[in-house]
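Chemist: After the structure tokens below, expect a handful of questions from me.
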Amino acid sequence: MVSWARRIADVPRSSVIVPCALVLTLTCALTACGGGDRSAGAPGLSDPYFPKMGNGGYDVSHYGLTLSYDPGGKRLRGTARITARATRSLDAFNLDLKGLDVTGVLVGGRDARWSRAGQELTVRPRTALGKGETFRATVRYAGTPETLTDPDGSQEGWLPTAHGALALGEPVGSMTWFPGNHHPSDKASYDITVTVPKGLSAVSNGELRSETTAADGRRTFAWHTAEPMASYVATLAVGAYDITRGVTRSGLPVYVAVDPAQTAASAKVLARIPEIMEWETHNFGPYPFSSTGAIVERAGVADYALETQNRPVFPGTPDIETLVHELAHEWYGDSVTPASWQDMWLNEGFATYAEWLWQEDHDGHSADEIFDALYRGDYYDDAATGKAIWDFPPAEPSGAAHISDSPVYERGAMVLHKIRRTVGDGAFHDIIRGWAAAHRHGNATTADFTAYVEKKAPDKDFGGIWKDWLYGDGRPARP
């Protein structure tokens, strides 16, 4: 009955810790960060679930990626031009890069020293970077990108396909195909230019600025993403896709790429993207990006859908609720991005509740009925699946392997429905639209959300909801 996003097979994957990613720039000895005892940015941001991801001491504003991919040899060659601002004085800084061979690094146009240790690429500019200084780091690299297995058993990173490859980055896979500050808290604009063999297409985020063909038939696609994007929702799909272009009733461009094996089966549901976008804009507020669409791969490439910015990725033809779910993430997850992986329910609880609202508005079950059935435990045929909703609080996943489990999705949506029951439909509509507007293109924590709700409805008592539903262990005593 329910469609899961970012889950393995078909199984769902206060005091919130305000993540260090927003404020932390640690000093470490160069024995740990790459040299003597000079000042260096931290090699990780101490995320509660992925502490090595991200780097301290700088903030990225733009990635310029120039890539070429040979599917036959499975070889990627790239140049990453990273524009950033130092948030402290730096003699060295780190980038996340898993695998691949680095062939050269420049900072400010001058050769820089660098070293590798695990996923850390430590860069030492010739001259120190001053606090507040904007700089460009250029990294040249090549090799066969890796496919990673996540703590929950699902695969991400660089996934080979029948004709090319698919890059998926939640939560850490983007470091397999370009170096960067790979934590959700550091968002940036992107230019991604990709050259592929004759007959193939390269599909990424944002808008297609140009498409050219060389004399030998090789094709180059230049994509531009102006709005801030977290690296985990960056994507690249290389393959022999059927491409369709259109517009919504309001004029929003729609770009859809489908594996030919899925074209016939997916045509009907994908044709409803304009309808879904109009419905979601009504419910969630103005669309935060300049295009939309979808990428549909054949089944078996990945076992989950993912909310890659502008055009989510699907492992085969999606059903309507999955499409609604992933497109809702454009507001909740891609525009309003969690400040740390502990805040994942702000993505998935909202997108799951979007499914409930869609059903409610399209002659399906009401949100009340879904909530009550989940609470009783008879929503699913399998009792164990229903019981799993109460395994841990949505705002405090029990570990990195569980940030995409049912409590984050279903119980997260139940928190939203409890708020709706408390404030009424009109005020709830204002809250979910206002939340998307207040943190548009930014990052937010669970504490930000609870404070926002309390501010919007100061006459209501939300203490029991936060205590029992958002942070409490087990099933609350009553709905």
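FYI, nothing fancy with the structure tokens labels: chains A, B, ... in order, residues from 1 per chain, ligands from 1 as they appear.
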Env of A:Asp468: 12 Å cut, atoms = only C-alpha atoms, seq-sep filter 4 positions within chain, self excluded. Answer as a list in words.
Modeler: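 Residues meeting the cut-off are Ser14, Trp390, Phe392, Pro393, Pro394, Ala395, Arg411, Met414, Val415, Lys418, Phe462, Gly463, Gly464, Gly472, Asp473, Gly474, Arg475, Pro476, Ala477, Arg478 and Pro479 of chain A.
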Chemist: So that I can see what lies close to stretch 167-170 of chain A, please list as a VMD selection string the residues with an atom at most 9 Å from it, counting only C-alpha atoms and leaving out residues fewer than 4 positions away in the same chain.
Modeler: chain A and resid 6 155 to 160 174 to 177 231 to 238 306 308 313
Chemist: Please return, as a ChimeraX atom specification, all residues of stretch 87-193 of chain A that DSSP assigns to strand (DSSP E or B) on the basis of the backbone.
Modeler: /A:90,92-96,101-107,110-111,113-117,120-124,129,134-143,147-149,155-160,165-168,180,188-193
Chemist: Ranking A:Glu146, A:Glu280, A:Asp91, A:Glu307 by minimum distance to A:Asp361 and counting only C-alpha atoms, which one comes first?
Modeler: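 The shortest atom-to-atom distance to A:Asp361 comes from A:Glu280.
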Chemist: Would you compute the distance between atom CA of A:Asn55 and atom CA of A:Pro43? Give it in Å to one decimal.
Modeler: 4.9 Å
Chemist: Counting only C-alpha atoms, what are the residues of stretch 409-443 of chain A within 9 Å of stretch 337-343 of chain A, and for each of them which pair of atoms is the nearest and at what distance in Å, to one decimal? Sort the table by chain and rising number, as a Markdown table.
Modeler:
| residue | atom | partner | partner_atom | distance |
| --- | --- | --- | --- | --- |
| A:His439 | CA | A:Thr337 | CA | 8.4 |
| A:Arg440 | CA | A:Thr337 | CA | 8.7 |
| A:His441 | CA | A:Thr337 | CA | 7.4 |
| A:Gly442 | CA | A:Thr337 | CA | 6.2 |
| A:Asn443 | CA | A:Thr337 | CA | 4.7 |
Chemist: Generate a file of the selected residues that holds all heavy atoms, formatted as a CSV table (one decimal), in the first residue's frame.
Modeler:
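out-v7.csv, freshly written:
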chain,number,residue,atom,x,y,z
A,439,HIS,N,12.8,28.4,5.5
A,439,HIS,CA,14.1,27.8,5.3
A,439,HIS,C,14.4,27.5,3.9
A,439,HIS,O,15.2,26.6,3.6
A,439,HIS,CB,14.2,26.6,6.2
A,439,HIS,CG,14.2,26.9,7.7
A,439,HIS,ND1,15.3,27.4,8.4
A,439,HIS,CD2,13.2,27.0,8.6
A,439,HIS,CE1,15.0,27.6,9.6
A,439,HIS,NE2,13.7,27.4,9.8
A,440,ARG,N,13.8,28.2,3.0
A,440,ARG,CA,14.0,28.0,1.5
A,440,ARG,C,15.5,28.0,1.2
A,440,ARG,O,16.2,29.0,1.5
A,440,ARG,CB,13.2,29.0,0.7
A,440,ARG,CG,13.3,28.9,-0.8
A,440,ARG,CD,12.4,30.1,-1.4
A,440,ARG,NE,12.5,30.1,-2.8
A,440,ARG,CZ,11.6,29.7,-3.7
A,440,ARG,NH1,10.6,29.0,-3.2
A,440,ARG,NH2,11.7,29.8,-5.0
A,441,HIS,N,16.0,27.0,0.5
A,441,HIS,CA,17.4,26.9,0.1
A,441,HIS,C,18.4,26.9,1.3
A,441,HIS,O,19.6,27.2,1.1
A,441,HIS,CB,17.7,28.0,-0.9
A,441,HIS,CG,16.9,28.0,-2.1
A,441,HIS,ND1,16.7,26.8,-2.8
A,441,HIS,CD2,16.3,29.0,-2.8
A,441,HIS,CE1,15.9,27.1,-3.9
A,441,HIS,NE2,15.6,28.4,-3.9
A,442,GLY,N,17.9,26.6,2.4
A,442,GLY,CA,18.8,26.5,3.6
A,442,GLY,C,18.8,25.2,4.3
A,442,GLY,O,18.5,24.2,3.7
A,443,ASN,N,19.3,25.2,5.5
A,443,ASN,CA,19.4,24.0,6.3
A,443,ASN,C,18.6,24.2,7.6
A,443,ASN,O,18.4,25.4,8.1
A,443,ASN,CB,20.8,23.7,6.7
A,443,ASN,CG,21.6,23.2,5.5
A,443,ASN,OD1,22.3,24.1,4.9
A,443,ASN,ND2,21.7,22.0,5.2
Chemist: One decimal, in Å: what's the spacing between atom CA of A:Asp368 and atom CA of A:Leu323?
Modeler: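 Computing the Euclidean distance for atom CA of A:Asp368 and atom CA of A:Leu323 yields 21.8 Å.
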Chemist: List the neighbours of A:Gly199 out to 9 Å using only C-alpha atoms; skip same-chain residues closer than 4 positions along the sequence, and give me the result as a PyMOL selection string.
Modeler: chain A and resi 217-219+239-240
Chemist: For a quick check of understanding, using only C-alpha atoms, which of A:Gly44, A:Tyr58, A:Arg433, A:Ala80 has the smallest distance to A:Asp96?
Modeler: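 For A:Asp96, the nearest of the given residues is A:Gly44.
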Chemist: Taking the DSSP assignment computed from this structure's backbone, write out as JSON, numbers by chain all residues of stretch 149-338 of chain A that belong to alpha helix (DSSP H).
Modeler: {"A": [263, 264, 265, 266, 267, 268, 269, 270, 273, 274, 275, 276, 277, 278, 279, 280, 281, 282, 283, 284, 320, 321, 322, 323, 324, 325, 326, 327, 328]}
Chemist: Since we have the selection now, will you write its residues out, keeping C-alpha atoms, as a tab-separated table (two decimals), in the first residue's frame?
Modeler:
chain	number	residue	atom	x	y	z
A	263	THR	CA	9.36	3.90	-21.55
A	264	ALA	CA	6.04	2.23	-22.30
A	265	ALA	CA	5.31	1.23	-18.71
A	266	SER	CA	6.14	4.63	-17.24
A	267	ALA	CA	4.53	6.93	-19.81
A	268	LYS	CA	1.15	7.21	-18.08
A	269	VAL	CA	2.42	7.97	-14.57
A	270	LEU	CA	5.17	10.36	-15.72
A	273	ILE	CA	4.19	15.21	-13.24
A	274	PRO	CA	2.66	18.59	-14.22
A	275	GLU	CA	-0.53	17.72	-12.32
A	276	ILE	CA	1.45	16.66	-9.24
A	277	MET	CA	3.58	19.80	-9.35
A	278	GLU	CA	0.48	22.01	-9.44
A	279	TRP	CA	-1.05	20.12	-6.52
A	280	GLU	CA	2.14	20.26	-4.46
A	281	THR	CA	2.64	23.95	-5.19
A	282	HIS	CA	-0.85	24.59	-3.84
A	283	ASN	CA	-0.12	22.61	-0.68
A	284	PHE	CA	3.55	23.43	-0.04
A	320	ILE	CA	1.81	7.54	-8.33
A	321	GLU	CA	2.42	7.73	-4.58
A	322	THR	CA	6.16	7.23	-4.98
A	323	LEU	CA	6.21	10.00	-7.58
A	324	VAL	CA	4.28	12.29	-5.23
A	325	HIS	CA	6.68	11.40	-2.39
A	326	GLU	CA	9.87	12.12	-4.31
A	327	LEU	CA	8.62	15.35	-5.86
A	328	ALA	CA	7.54	16.56	-2.40
Chemist: What's the 7 Å shell around A:Met344, counting only C-alpha atoms, without same-chain residues fewer than 4 positions away, as an mmCIF file with N, CA and C atoms, in the first residue's frame?
Modeler:
data_model
loop_
_atom_site.group_PDB
_atom_site.id
_atom_site.type_symbol
_atom_site.label_atom_id
_atom_site.label_comp_id
_atom_site.auth_asym_id
_atom_site.auth_seq_id
_atom_site.Cartn_x
_atom_site.Cartn_y
_atom_site.Cartn_z
ATOM 1 N N PRO A 338 18.136 18.973 5.697
ATOM 2 C CA PRO A 338 18.494 18.723 7.098
ATOM 3 C C PRO A 338 19.903 19.196 7.415
ATOM 4 N N GLU A 348 11.758 12.851 5.341
ATOM 5 C CA GLU A 348 10.909 11.700 5.058
ATOM 6 C C GLU A 348 9.533 11.768 5.703
ATOM 7 N N ILE A 403 18.653 5.365 9.563
ATOM 8 C CA ILE A 403 18.143 6.704 9.274
ATOM 9 C C ILE A 403 17.057 6.684 8.204
ATOM 10 N N VAL A 408 11.304 6.931 10.908
ATOM 11 C CA VAL A 408 11.648 8.209 10.290
ATOM 12 C C VAL A 408 10.560 8.619 9.294
#
Chemist: Which of these, A:Asp381, A:Val172, A:Pro179, A:Ser366, has the shortest distance to A:Thr122 once you count only C-alpha atoms?
Modeler: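 Comparing A:Asp381, A:Val172, A:Pro179, A:Ser366 against A:Thr122, the winner is A:Pro179.
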Chemist: One decimal, Å: what's the distance from atom CA of A:Ser291 over to atom CA of A:Ser201, could you say?
Modeler: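 Here the two named atoms are 18.4 Å from each other.
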Chemist: Please report, as CSV, each residue of stretch 277-332 of chain A lying at most 7 Å from stretch 202-206 of chain A, together with the nearest pair of atoms and the separation in Å rounded to one decimal; use only C-alpha atoms, and order rows by chain and ascending residue number.
Modeler:
residue,atom,partner,partner_atom,distance
A:Ser291,CA,A:Gly206,CA,6.5
A:Gln309,CA,A:Asn205,CA,6.0
A:Asn310,CA,A:Asn205,CA,5.8
A:Arg311,CA,A:Asn205,CA,6.8
Chemist: Only N, CA and C atoms, please: the residues just picked out, written as a compact mmCIF listing (two decimals), in the first residue's frame.
Modeler:
# COMPACT_ATOMS: atom_id res chain seq x y z
N SER A 291 13.29 24.04 -12.61
CA SER A 291 12.85 22.97 -13.50
C SER A 291 12.52 21.75 -12.66
N GLN A 309 17.94 16.42 -6.80
CA GLN A 309 17.35 17.74 -6.98
C GLN A 309 16.92 17.96 -8.43
N ASN A 310 15.77 18.57 -8.62
CA ASN A 310 15.13 18.87 -9.89
C ASN A 310 14.47 17.66 -10.54
N ARG A 311 15.15 16.52 -10.54
CA ARG A 311 14.55 15.33 -11.16
C ARG A 311 14.92 14.08 -10.39
